[in-house]
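What's in upload-v4.cif: mmCIF, C-alpha atoms
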data_target
#
loop_
_atom_site.label_atom_id
_atom_site.label_comp_id
_atom_site.auth_asym_id
_atom_site.auth_seq_id
_atom_site.Cartn_x
_atom_site.Cartn_y
_atom_site.Cartn_z
CA MET A 1 155.43 -7.65 7.40
CA LYS A 2 158.33 -5.71 8.82
CA ARG A 3 159.23 -8.58 11.08
CA SER A 4 160.40 -10.69 8.18
CA ALA A 5 162.24 -8.03 6.18
CA VAL A 6 165.37 -9.97 5.09
CA LEU A 7 167.75 -8.11 2.91
CA LEU A 8 169.01 -7.97 -0.64
CA ILE A 9 172.43 -9.03 0.63
CA THR A 10 170.90 -12.10 2.27
CA PHE A 11 169.58 -13.54 -0.92
CA LEU A 12 172.77 -12.75 -2.85
CA THR A 13 174.65 -14.84 -0.30
CA LEU A 14 172.24 -17.72 -0.82
CA VAL A 15 172.78 -17.44 -4.57
CA CYS A 16 176.44 -18.08 -3.87
CA GLN A 17 175.40 -21.13 -1.86
CA ALA A 18 174.45 -22.77 -5.16
CA LYS A 19 178.15 -22.95 -6.03
CA ALA A 20 179.10 -24.75 -2.83
CA THR A 21 180.24 -27.92 -4.59
CA VAL A 22 183.15 -26.07 -6.20
CA MET A 23 183.81 -23.38 -3.61
CA PRO A 24 186.43 -23.77 -0.87
CA SER A 25 185.53 -24.24 2.78
CA ASP A 26 186.01 -20.55 3.50
CA SER A 27 183.46 -19.59 0.81
CA ILE A 28 180.36 -17.50 1.32
CA LEU A 29 178.45 -20.75 1.90
CA SER A 30 180.62 -21.39 4.95
CA ILE A 31 179.95 -17.86 6.20
CA ILE A 32 176.19 -18.12 6.15
CA SER A 33 175.92 -21.79 7.18
CA SER A 34 178.19 -21.33 10.19
CA ASP A 35 175.23 -19.84 12.06
CA ASN A 36 172.33 -21.83 10.62
CA GLY A 37 172.50 -25.04 12.61
CA GLY A 38 174.97 -26.91 10.40
CA SER A 39 173.59 -26.90 6.86
CA LYS A 40 174.87 -29.45 4.39
CA THR A 41 175.84 -28.92 0.77
CA PRO A 42 172.84 -29.82 -1.44
CA LYS A 43 173.38 -32.79 -3.79
CA ASP A 44 171.07 -31.57 -6.57
CA ILE A 45 171.17 -27.80 -6.65
CA SER A 46 169.17 -27.55 -9.89
CA GLN A 47 165.98 -28.51 -8.05
CA ARG A 48 166.22 -25.35 -5.98
CA TRP A 49 166.19 -22.83 -8.83
CA GLY A 50 163.39 -21.33 -10.89
CA TYR A 51 162.29 -18.11 -12.51
CA MET A 52 159.24 -15.87 -12.81
CA VAL A 53 157.98 -13.20 -15.22
CA MET A 54 155.25 -10.75 -14.23
CA ALA A 55 153.27 -7.65 -15.14
CA VAL A 56 152.23 -5.01 -12.59
CA PRO A 57 149.55 -2.52 -13.71
CA GLY A 58 148.85 0.07 -11.06
CA LYS A 59 148.49 3.66 -9.89
CA VAL A 60 150.88 6.24 -8.48
CA LEU A 61 149.63 7.09 -4.99
CA ALA A 62 149.16 10.62 -3.68
CA LEU A 63 149.59 10.15 0.08
CA ASP A 64 148.97 13.74 1.20
CA GLN A 65 147.23 16.90 0.01
CA TRP A 66 150.49 18.28 -1.34
CA ALA A 67 150.85 15.26 -3.65
CA ARG A 68 147.16 15.28 -4.59
CA ASP A 69 147.52 18.87 -5.77
CA GLU A 70 150.41 17.82 -8.02
CA VAL A 71 149.13 14.64 -9.70
CA VAL A 72 147.01 15.15 -12.84
CA THR A 73 147.00 11.55 -14.12
CA ASN A 74 148.45 8.60 -12.21
CA GLY A 75 148.63 5.62 -14.54
CA THR A 76 151.68 3.33 -14.34
CA TRP A 77 152.65 -0.25 -15.08
CA ALA A 78 155.75 -2.42 -14.85
CA LEU A 79 157.30 -5.57 -16.28
CA ALA A 80 159.68 -7.70 -14.21
CA GLY A 81 161.62 -10.95 -14.24
CA GLU A 82 163.17 -12.86 -11.33
CA LEU A 83 165.66 -15.65 -10.77
CA ARG A 84 164.43 -17.58 -7.72
CA TYR A 85 166.08 -19.87 -5.16
CA THR A 86 164.19 -22.02 -2.63
CA PRO A 87 166.06 -24.03 0.07
CA GLN A 88 164.83 -27.58 0.58
CA PRO A 89 164.47 -29.78 3.70
CA GLY A 90 167.46 -31.83 2.57
CA ASP A 91 169.69 -28.80 3.03
CA ASP A 92 169.38 -29.10 6.83
CA ASP A 93 169.18 -25.31 7.05
CA SER A 94 167.65 -24.38 10.39
CA PHE A 95 166.93 -20.79 9.39
CA ALA A 96 165.16 -21.99 6.23
CA GLU A 97 163.06 -24.35 8.33
CA ASP A 98 162.22 -21.57 10.79
CA TYR A 99 160.90 -19.44 7.93
CA GLY A 100 158.94 -22.27 6.28
CA TYR A 101 161.44 -22.70 3.40
CA PRO A 102 161.18 -19.20 1.88
CA THR A 103 162.09 -18.14 -1.65
CA PHE A 104 164.92 -15.69 -2.36
CA SER A 105 164.86 -13.79 -5.67
CA VAL A 106 167.00 -11.41 -7.67
CA GLY A 107 165.07 -9.43 -10.25
CA PHE A 108 164.97 -6.66 -12.81
CA ARG A 109 161.91 -4.39 -12.98
CA TYR A 110 161.12 -1.70 -15.51
CA SER A 111 158.43 0.80 -14.51
CA PHE A 112 156.61 2.71 -17.27
CA ASN A 113 155.62 5.94 -15.52
CA HIS A 114 154.97 8.30 -18.43
CA GLY A 115 151.25 7.90 -17.78
CA THR A 116 151.74 9.98 -14.62
CA LYS A 117 151.56 13.70 -15.35
CA LEU A 118 152.43 16.30 -12.72
CA THR A 119 151.73 20.00 -12.36
CA ARG A 120 152.18 22.31 -9.39
CA VAL A 121 154.39 25.35 -9.88
CA GLU A 122 154.15 25.99 -13.63
CA LYS A 123 150.54 25.41 -14.70
CA ASP A 124 151.14 25.88 -18.43
CA TYR A 125 152.88 22.52 -18.94
CA TYR A 126 153.08 19.03 -17.41
CA SER A 127 156.11 17.22 -16.04
CA VAL A 128 156.19 13.42 -16.31
CA LEU A 129 157.30 11.09 -13.56
CA GLY A 130 159.60 9.16 -15.89
CA ASN A 131 160.45 5.49 -16.35
CA VAL A 132 162.59 3.68 -13.77
CA ALA A 133 164.88 0.65 -14.23
CA THR A 134 165.39 -1.29 -10.97
CA VAL A 135 167.57 -4.15 -9.80
CA TYR A 136 166.34 -5.70 -6.55
CA GLY A 137 166.37 -8.67 -4.21
CA LYS A 138 163.27 -10.17 -2.60
CA PHE A 139 162.38 -12.49 0.28
CA SER A 140 159.06 -14.37 0.11
CA ARG A 141 157.84 -16.28 3.16
CA PRO A 142 154.90 -18.75 3.01
CA ILE A 143 152.19 -18.38 5.66
CA LEU A 144 149.88 -21.09 4.29
CA ARG A 145 150.85 -24.05 2.11
CA THR A 146 148.67 -26.89 0.84
CA HIS A 147 149.05 -29.26 -2.10
CA GLY A 148 149.12 -27.04 -5.16
CA PHE A 149 148.53 -23.72 -3.36
CA GLU A 150 150.61 -21.27 -1.36
CA LEU A 151 149.80 -17.97 0.35
CA ALA A 152 152.85 -15.82 1.16
CA TYR A 153 154.02 -12.31 1.90
CA TYR A 154 157.13 -10.78 0.40
CA ILE A 155 159.44 -7.86 0.98
CA GLY A 156 162.36 -6.61 -1.09
CA THR A 157 164.81 -3.80 -1.67
CA GLY A 158 167.15 -2.61 -4.39
CA VAL A 159 168.40 0.32 -6.47
CA GLY A 160 166.52 2.13 -9.22
CA TYR A 161 167.65 4.49 -11.99
CA SER A 162 165.11 7.13 -13.06
CA HIS A 163 165.15 8.59 -16.57
CA HIS A 164 163.57 11.82 -15.29
CA LYS A 165 164.20 13.86 -12.17
CA TYR A 166 163.41 17.33 -10.93
CA ASN A 167 165.18 20.20 -12.68
CA THR A 168 164.41 23.88 -13.17
CA THR A 169 164.35 23.70 -16.99
CA ASP A 170 161.65 21.23 -18.02
CA GLU A 171 160.82 19.21 -14.88
CA VAL A 172 159.98 21.93 -12.35
CA ASN A 173 156.62 20.25 -11.60
CA ASN A 174 158.22 16.91 -10.70
CA GLU A 175 158.58 17.13 -6.92
CA PHE A 176 158.44 13.32 -6.49
CA ILE A 177 161.92 12.32 -7.71
CA GLY A 178 164.98 14.54 -7.14
CA SER A 179 167.83 12.20 -8.14
CA LYS A 180 168.66 9.74 -10.89
CA TRP A 181 169.59 6.98 -8.42
CA ASN A 182 167.01 5.93 -5.84
CA ILE A 183 166.43 3.33 -3.16
CA PHE A 184 163.70 0.81 -4.03
CA PHE A 185 161.36 -0.98 -1.64
CA THR A 186 158.58 -3.46 -2.39
CA GLY A 187 156.17 -5.56 -0.36
CA GLY A 188 152.97 -7.47 -0.89
CA LEU A 189 150.73 -10.48 -0.36
CA SER A 190 150.80 -13.23 -3.01
CA ALA A 191 148.86 -16.39 -3.89
CA THR A 192 150.45 -19.17 -5.97
CA TYR A 193 148.48 -21.92 -7.73
CA LYS A 194 150.24 -24.80 -9.45
CA ILE A 195 149.05 -25.62 -12.98
CA GLY A 196 151.48 -28.46 -13.52
CA GLN A 197 154.42 -30.28 -11.99
CA GLU A 198 156.77 -27.34 -12.56
CA TRP A 199 154.56 -24.38 -13.51
CA ALA A 200 152.42 -22.03 -11.44
CA VAL A 201 150.46 -18.80 -11.77
CA ILE A 202 150.93 -16.06 -9.19
CA ALA A 203 148.63 -13.18 -8.27
CA ALA A 204 149.49 -10.50 -5.71
CA ILE A 205 148.69 -7.07 -4.34
CA ASP A 206 151.96 -5.20 -4.85
CA TYR A 207 153.26 -2.01 -3.24
CA SER A 208 156.55 -0.41 -4.27
CA HIS A 209 158.45 2.80 -3.61
CA HIS A 210 161.33 4.84 -5.03
CA SER A 211 163.08 7.64 -3.11
CA ASN A 212 166.60 8.81 -2.26
CA GLY A 213 166.53 8.72 1.55
CA ALA A 214 166.69 12.54 1.91
CA LEU A 215 170.16 12.64 0.34
CA ARG A 216 168.80 14.92 -2.41
CA ARG A 217 165.81 17.27 -2.85
CA PRO A 218 163.01 17.03 -3.72
CA ASN A 219 162.31 13.68 -2.10
CA LYS A 220 158.56 13.23 -1.89
CA GLY A 221 159.13 9.77 -3.42
CA SER A 222 156.94 7.81 -5.81
CA ASN A 223 154.61 5.16 -4.38
CA TYR A 224 152.87 2.56 -6.53
CA LEU A 225 150.03 0.16 -5.77
CA GLY A 226 148.36 -2.39 -8.01
CA PRO A 227 147.78 -6.05 -8.85
CA LEU A 228 150.63 -8.33 -9.90
CA ILE A 229 150.10 -11.20 -12.33
CA GLY A 230 152.90 -13.67 -13.05
CA VAL A 231 153.92 -17.09 -14.30
CA ALA A 232 156.59 -19.07 -12.43
CA TYR A 233 158.71 -22.07 -13.39
CA SER A 234 159.77 -24.04 -10.30
CA PRO A 235 161.49 -27.42 -10.81
CA GLN A 236 162.04 -27.83 -7.07
CA ASN A 237 161.27 -31.13 -5.43
CA ARG A 238 158.96 -29.39 -2.94
CA LYS A 239 158.62 -31.86 -0.11
CA GLN A 240 158.39 -29.21 2.57
CA ARG A 241 156.04 -29.86 5.41
CA LYS A 242 152.89 -27.82 5.73
CA ILE A 243 153.23 -24.69 7.81
CA SER A 244 150.92 -26.20 10.42
CA ASP A 245 153.19 -29.27 10.72
CA ARG A 246 156.19 -27.10 11.63
CA LEU A 247 154.78 -25.42 14.70
CA SER A 248 156.04 -28.04 17.13
CA SER A 249 159.41 -28.45 15.41
CA PRO A 250 162.50 -28.27 17.68
CA ALA A 251 163.96 -25.85 15.11
CA GLU A 252 161.47 -23.25 16.33
CA LEU A 253 163.44 -22.96 19.58
CA SER A 254 166.69 -21.07 19.48
CA PRO A 255 169.84 -22.45 21.12
CA ARG A 256 171.01 -18.82 21.45
CA GLU A 257 168.46 -17.36 23.83
CA HIS A 258 170.20 -14.60 25.77
CA LEU A 259 170.06 -10.99 26.93
CA TYR A 260 172.53 -8.50 25.51
CA LEU A 261 173.34 -4.80 25.47
CA GLU A 262 173.88 -3.34 21.99
CA LEU A 263 175.97 -0.19 21.56
CA SER A 264 175.77 1.62 18.22
CA ALA A 265 177.19 4.73 16.56
CA GLY A 266 175.99 6.21 13.27
CA LEU A 267 177.34 8.71 10.75
CA GLY A 268 174.73 10.04 8.33
CA ALA A 269 173.88 12.72 5.80
CA LYS A 270 170.82 14.62 4.60
CA THR A 271 169.54 17.63 2.71
CA LEU A 272 167.12 20.02 4.39
CA LEU A 273 163.40 20.20 3.74
CA GLU A 274 163.72 23.79 5.00
CA ASP A 275 166.10 24.58 2.11
CA TRP A 276 163.60 23.13 -0.35
CA PHE A 277 160.72 25.20 1.02
CA ASN A 278 162.84 28.35 1.07
CA THR A 279 163.84 28.09 -2.59
CA GLN A 280 160.56 26.74 -3.98
CA GLN A 281 157.37 27.55 -2.10
CA HIS A 282 158.69 30.87 -0.72
CA SER A 283 159.78 32.09 -4.15
CA ASN A 284 157.50 34.01 -6.52
CA SER A 285 159.79 33.74 -9.51
CA PRO A 286 161.17 30.55 -11.14
CA LYS A 287 164.68 32.08 -11.27
CA TYR A 288 165.02 31.53 -7.51
CA ARG A 289 164.38 27.82 -7.78
CA THR A 290 167.31 25.42 -7.74
CA SER A 291 168.02 21.70 -7.88
CA LYS A 292 171.27 21.94 -5.90
CA PHE A 293 171.15 21.75 -2.11
CA SER A 294 173.81 21.52 0.58
CA THR A 295 174.35 18.21 2.41
CA TYR A 296 174.64 18.20 6.20
CA GLY A 297 175.90 15.71 8.77
CA ALA A 298 173.65 13.70 11.09
CA PHE A 299 175.13 11.67 13.95
CA SER A 300 173.60 9.14 16.34
CA MET A 301 174.49 7.11 19.41
CA GLN A 302 172.23 4.26 20.49
CA THR A 303 172.05 1.90 23.44
CA ALA A 304 169.57 -0.99 23.39
CA LEU A 305 168.77 -3.75 25.85
CA MET A 306 167.83 -6.71 23.63
CA TYR A 307 166.58 -10.24 24.26
CA ARG A 308 167.15 -12.90 21.61
CA TYR A 309 164.29 -15.26 22.35
CA ALA A 310 164.42 -17.23 19.08
CA ARG A 311 167.01 -18.06 16.47
CA ARG A 312 165.57 -15.52 14.05
CA TRP A 313 164.23 -12.79 16.37
CA ALA A 314 165.35 -10.37 19.07
CA SER A 315 163.40 -7.53 20.67
CA GLY A 316 164.09 -4.84 23.21
CA VAL A 317 164.06 -1.19 24.16
CA GLY A 318 166.66 1.46 23.37
CA PHE A 319 167.84 4.96 24.21
CA ASP A 320 168.82 7.08 21.18
CA VAL A 321 170.81 10.32 21.05
CA PHE A 322 171.03 12.39 17.84
CA TYR A 323 173.27 15.33 16.97
CA SER A 324 172.42 17.54 13.96
CA ASP A 325 175.02 20.00 12.72
CA TYR A 326 172.38 21.89 10.71
CA ALA A 327 170.30 23.25 13.63
CA ASP A 328 171.81 26.74 13.29
CA LYS A 329 170.93 26.81 9.56
CA ILE A 330 167.30 25.93 10.39
CA GLU A 331 167.22 28.67 13.02
CA ARG A 332 168.42 31.27 10.47
CA LEU A 333 165.76 30.18 7.95
CA ASP A 334 163.03 30.27 10.60
CA ASN A 335 164.01 33.82 11.56
CA ILE A 336 163.96 34.90 7.89
CA ASN A 337 160.52 33.37 7.37
CA GLY A 338 158.91 34.87 10.47
CA HIS A 339 159.17 31.94 12.88
CA SER A 340 161.50 33.53 15.40
CA ASN A 341 159.56 32.09 18.34
CA GLU A 342 160.63 28.53 17.47
CA LYS A 343 163.12 26.61 19.64
CA HIS A 344 166.25 25.05 18.13
CA SER A 345 168.84 22.59 19.42
CA PRO A 346 171.32 20.27 17.64
CA TRP A 347 170.59 17.56 20.23
CA SER A 348 167.61 15.18 20.21
CA VAL A 349 166.91 12.30 22.60
CA GLY A 350 164.45 9.44 22.13
CA LEU A 351 163.22 6.18 23.64
CA ALA A 352 162.41 3.38 21.17
CA LEU A 353 161.00 -0.13 20.88
CA LYS A 354 163.33 -2.21 18.71
CA HIS A 355 163.15 -5.50 16.82
CA GLU A 356 165.74 -7.43 14.79
CA VAL A 357 165.20 -10.27 12.30
CA PHE A 358 168.10 -12.68 11.59
CA TYR A 359 169.04 -15.03 8.75
CA GLY A 360 172.54 -16.39 9.32
CA ARG A 361 174.91 -13.45 9.68
CA PHE A 362 172.52 -10.99 8.07
CA SER A 363 169.75 -9.11 9.81
CA ALA A 364 167.13 -6.41 9.40
CA ARG A 365 166.51 -3.93 12.20
CA MET A 366 163.50 -1.77 12.78
CA GLY A 367 162.30 0.46 15.58
CA ILE A 368 159.67 2.98 16.49
CA GLY A 369 160.45 5.69 19.01
CA ALA A 370 159.24 8.77 20.83
CA TYR A 371 161.37 11.88 21.21
CA LEU A 372 161.88 12.90 24.82
CA TYR A 373 163.66 16.08 23.73
CA ARG A 374 163.74 17.66 20.26
CA HIS A 375 163.63 21.26 19.03
CA MET A 376 164.16 21.49 15.26
CA GLY A 377 162.05 24.48 14.32
CA TYR A 378 158.87 25.20 12.39
CA VAL A 379 159.05 22.70 9.52
CA ALA A 380 159.76 19.76 11.86
CA HIS A 381 156.44 19.98 13.67
CA GLU A 382 154.35 21.31 10.76
CA TYR A 383 155.36 18.87 7.99
CA GLU A 384 156.91 15.78 9.62
CA GLY A 385 153.72 14.49 11.28
CA PRO A 386 153.56 14.06 15.09
CA LYS A 387 156.63 15.89 16.35
CA TRP A 388 157.36 13.21 18.96
CA LEU A 389 157.40 10.17 16.64
CA TYR A 390 160.26 8.63 14.64
CA GLU A 391 161.06 5.30 12.93
CA ARG A 392 164.28 3.51 12.01
CA ILE A 393 164.92 0.62 9.62
CA GLY A 394 168.25 -0.84 8.49
CA LEU A 395 170.19 -3.75 6.99
CA PHE A 396 173.20 -5.27 8.79
CA TYR A 397 175.97 -7.87 8.54
CA THR A 398 177.56 -9.48 11.62
CA ILE A 399 181.32 -10.22 11.82
CA PRO A 400 181.90 -13.04 14.38
CA SER A 401 185.69 -12.59 14.38
CA LEU A 402 185.19 -9.05 15.74
CA GLY A 403 183.16 -10.09 18.76
CA HIS A 404 179.95 -10.28 16.67
CA ALA A 405 180.16 -6.59 15.83
CA SER A 406 177.91 -5.58 12.94
CA ILE A 407 177.91 -2.93 10.23
CA GLY A 408 175.05 -1.68 8.10
CA PHE A 409 172.95 1.16 6.75
CA SER A 410 169.91 2.66 8.43
CA VAL A 411 167.25 5.23 7.55
CA ASN A 412 165.69 7.48 10.17
CA ALA A 413 162.19 8.64 9.24
CA HIS A 414 159.18 10.60 10.47
CA VAL A 415 155.86 8.94 9.57
CA ALA A 416 157.57 7.05 6.69
CA LYS A 417 159.24 10.22 5.35
CA ALA A 418 163.02 9.85 5.33
CA ASP A 419 164.92 12.26 7.58
CA PHE A 420 168.49 11.02 7.04
CA THR A 421 170.47 7.97 5.91
CA GLU A 422 173.44 6.72 7.95
CA LEU A 423 176.21 4.14 8.23
CA VAL A 424 175.97 2.33 11.59
CA ILE A 425 178.48 0.21 13.54
CA SER A 426 177.20 -1.86 16.49
CA TYR A 427 178.78 -3.97 19.21
CA PRO A 428 176.83 -6.40 21.45
CA ILE A 429 177.73 -7.15 25.08
CA LYS A 430 176.23 -10.42 26.25
CA LEU A 431 174.73 -10.24 29.75
#
Can you dump the structure from the file as structure tokens?
Amino acid sequence: MKRSAVLLITFLTLVCQAKATVMPSDSILSIISSDNGGSKTPKDISQRWGYMVMAVPGKVLALDQWARDEVVTNGTWALAGELRYTPQPGDDDSFAEDYGYPTFSVGFRYSFNHGTKLTRVEKDYYSVLGNVATVYGKFSRPILRTHGFELAYYIGTGVGYSHHKYNTTDEVNNEFIGSKWNIFFTGGLSATYKIGQEWAVIAAIDYSHHSNGALRRPNKGSNYLGPLIGVAYSPQNRKQRKISDRLSSPAELSPREHLYLELSAGLGAKTLLEDWFNTQQHSNSPKYRTSKFSTYGAFSMQTALMYRYARRWASGVGFDVFYSDYADKIERLDNINGHSNEKHSPWSVGLALKHEVFYGRFSARMGIGAYLYRHMGYVAHEYEGPKWLYERIGLFYTIPSLGHASIGFSVNAHVAKADFTELVISYPIKL
């Protein structure tokens, strides 16, 4: 699933493509089509648009013992609507052909979470998770298509606004959401069955997530899982070939196969899990609890040897260096809490496997790495999972006029728990 994570920005650009008949040659359509094999302006754009409405009943997941101790009831459900765009073979879009003519969506989702009650610190009352309004973009790629039926997977991202968050007055038991604004992620497997020329029913297994990327505390994050049921209107003239018919297509081969060295620098920020523990779990009185935490800098330098072996994919191996200006704060907290034997250093070094997925000038990057050197105290190896493992995922835009340099945002995580969020600038050197 990760391999086809194409971004919210990607689909917004394709939405602009619909206006190509009235936009100048230097429009967004020109930007994205300049790298897609020479796409042409569609003659009948209305056949590429549709919409979908859906309901998502589900459960809030408790992924560890800490969360299981907090959740009393976990009922949730959501309503959503999407505006959908599907490129067609007549567009002569090589990236669209590579991906089997995917569907790009922009949607609004409202999650009703008041059925989830939480208790942990104060046992005499319940906190509620709170409803969340979310705007998102989604990429859906078919993996099996026959006449009247389609099996696909989808992935999406966006921004959510939560009506409730942790506070020390009446939400002290809500350790899932610590900020009003949150990053949203969704993914799932869907089946579509046509019930007419333009109508279809859709069923899916849907996973979604809200969290703030460690920019605020608490940040346990809320995870939802459940069935999705929807109705879609699609007036497209769907004359796409079956997925099996595309496998020998010349479009599968990239004219850009090459080896390159990618140099990156990142500037990030985070709040400390150590601060959270020190003011919450280590306090016997509610007056010591707080919802305000200091933000610290996190810096990275990355070098990756990458091979672009297809138009839409590149893979390689990288060497990552991290600098954390909060190591001395962690050392002080460890000494206060009786962990004076722990080692601490602001520097960390890792070796990672990396993969990048392209659609025009936009791309998604992901990597999984092993620390060769890291000493970040007690909490790092007791609560972050395996102390040697880390993951990175990010969204990027390439600027050809600057030597194909790219800029984007990335999240560094430990076993899917966000460590810090950063702004990254990269520059490739073709070998």
Problem set entry | Result set of the PyMOL selection byres ((chain A and resi 67) around 10) on the coordinates above, as a PyMOL selection string | chain A and resi 61-66+68-72+118-120+175-176+220-222
Exercise. If you apply the PyMOL selection byres ((chain A and resi 82) around 10) to this file, what residues do you get, as JSON, numbers by chain?
Worked result: {"A": [50, 51, 52, 53, 54, 80, 81, 83, 84, 85, 104, 105, 106, 107, 108, 109, 135, 136, 137, 138, 232]}
Take the residues from that selection and put them in a file with C-alpha atoms, as a CSV table (one decimal), in the coordinates of the input.
chain,number,residue,atom,x,y,z
A,50,GLY,CA,163.4,-21.3,-10.9
A,51,TYR,CA,162.3,-18.1,-12.5
A,52,MET,CA,159.2,-15.9,-12.8
A,53,VAL,CA,158.0,-13.2,-15.2
A,54,MET,CA,155.2,-10.8,-14.2
A,80,ALA,CA,159.7,-7.7,-14.2
A,81,GLY,CA,161.6,-11.0,-14.2
A,83,LEU,CA,165.7,-15.6,-10.8
A,84,ARG,CA,164.4,-17.6,-7.7
A,85,TYR,CA,166.1,-19.9,-5.2
A,104,PHE,CA,164.9,-15.7,-2.4
A,105,SER,CA,164.9,-13.8,-5.7
A,106,VAL,CA,167.0,-11.4,-7.7
A,107,GLY,CA,165.1,-9.4,-10.2
A,108,PHE,CA,165.0,-6.7,-12.8
A,109,ARG,CA,161.9,-4.4,-13.0
A,135,VAL,CA,167.6,-4.2,-9.8
A,136,TYR,CA,166.3,-5.7,-6.6
A,137,GLY,CA,166.4,-8.7,-4.2
A,138,LYS,CA,163.3,-10.2,-2.6
A,232,ALA,CA,156.6,-19.1,-12.4
For this session: Could you check which of A:Thr421, A:Thr186, A:Thr290, A:Thr303 is closest to Glu262 (chain A), using only C-alpha atoms?
Result: A:Thr303
Problem set entry | Resolved residues for the PyMOL selection byres ((chain A and resi 223) around 12) as an MDAnalysis selection string | chainID A and resid 58:64 67 74:76 111 113 116 129 176:177 184:187 206:211 219:222 224:226 416:417
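Going from CA of His164 (chain A) to CA of Asn131 (chain A) covers 7.1 Å.
The coordinates place CA of His375 (chain A) at 23.4 Å from CA of Ala304 (chain A).
Using all atoms listed in the file for every distance, the candidate list A:Tyr427, A:Tyr309, A:Tyr154, A:Trp388 yields A:Tyr427 as the residue closest to Gly403 (chain A).
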Would you give the centre and edge lengths, in Å to one decimal, of a box along x, y and z around the listed atoms of region 401-415 of chain A, with 5 Å added to each side, as AutoDock Vina command-line options?
--center_x 170.8 --center_y -1.0 --center_z 12.8 --size_x 39.8 --size_y 33.2 --size_z 22.0
For this session: Name the residues in contact with His414 (chain A) at a cut-off of 12 Å, using all atoms listed in the file, excluding same-chain residues fewer than 5 positions from it; report them as a ChimeraX atom specification.
Result: /A:213-214,367-371,380-393,419-420
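Across the structure, CA of Gly408 (chain A) and CA of Leu423 (chain A) are spaced 5.9 Å apart.
Remark: for Lys194 (chain A), the closest of the candidate residues A:Asn167, A:Pro227, A:Asp93, A:Ser234 is A:Ser234 (distances computed over all atoms listed in the file).
Of the listed residues A:Gly148, A:Gly230, A:Pro218, A:Gly377, the one whose atoms come nearest to Gly178 (chain A) is A:Pro218, with distances taken using all atoms listed in the file.
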For this session: May I have the residues within 10 Å of Asp328 (chain A) as a ChimeraX atom specification, using all atoms listed in the file and disregarding those fewer than 6 positions away in the same chain?
Result: /A:334,344-346,376
For this session: Skip Asp325 (chain A) itself and residues of its chain fewer than 3 positions away, then list as a ChimeraX atom specification all residues within 9 Å of it, counting all atoms listed in the file.
Result: /A:296-299,328-329,346
Within 8 Å of Val317 (chain A), counting only C-alpha atoms, which residues show up once you throw out same-chain ones fewer than 4 positions away? Write them as a short mmCIF file (atom, residue, chain, number, x, y, z; two decimals) with C-alpha atoms, in the coordinates of the input, please.
data_model
loop_
_atom_site.label_atom_id
_atom_site.label_comp_id
_atom_site.auth_asym_id
_atom_site.auth_seq_id
_atom_site.Cartn_x
_atom_site.Cartn_y
_atom_site.Cartn_z
CA ALA A 304 169.57 -0.99 23.39
CA LEU A 305 168.77 -3.75 25.85
CA MET A 306 167.83 -6.71 23.63
CA LEU A 351 163.22 6.18 23.64
CA ALA A 352 162.41 3.38 21.17
CA LEU A 353 161.00 -0.13 20.88
CA LYS A 354 163.33 -2.21 18.71
#
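With only C-alpha atoms as the atoms that count, the residue of A:Thr134, A:Val201, A:Arg216, A:Tyr125 with the shortest distance to Glu171 (chain A) is A:Tyr125.
Taking only C-alpha atoms into account, Ser294 (chain A) lies nearest to A:Tyr326 out of the set A:Phe319, A:Tyr326, A:Tyr161, A:Phe362.
Proximity to Thr168 (chain A) at 9 Å, evaluated using all atoms listed in the file and with sequence-adjacent residues fewer than 2 positions away removed, yields Tyr166, Asp170, Glu171, Val172, Asn173, Pro286, Lys287, Arg289, Thr290 and Ser291 of chain A.
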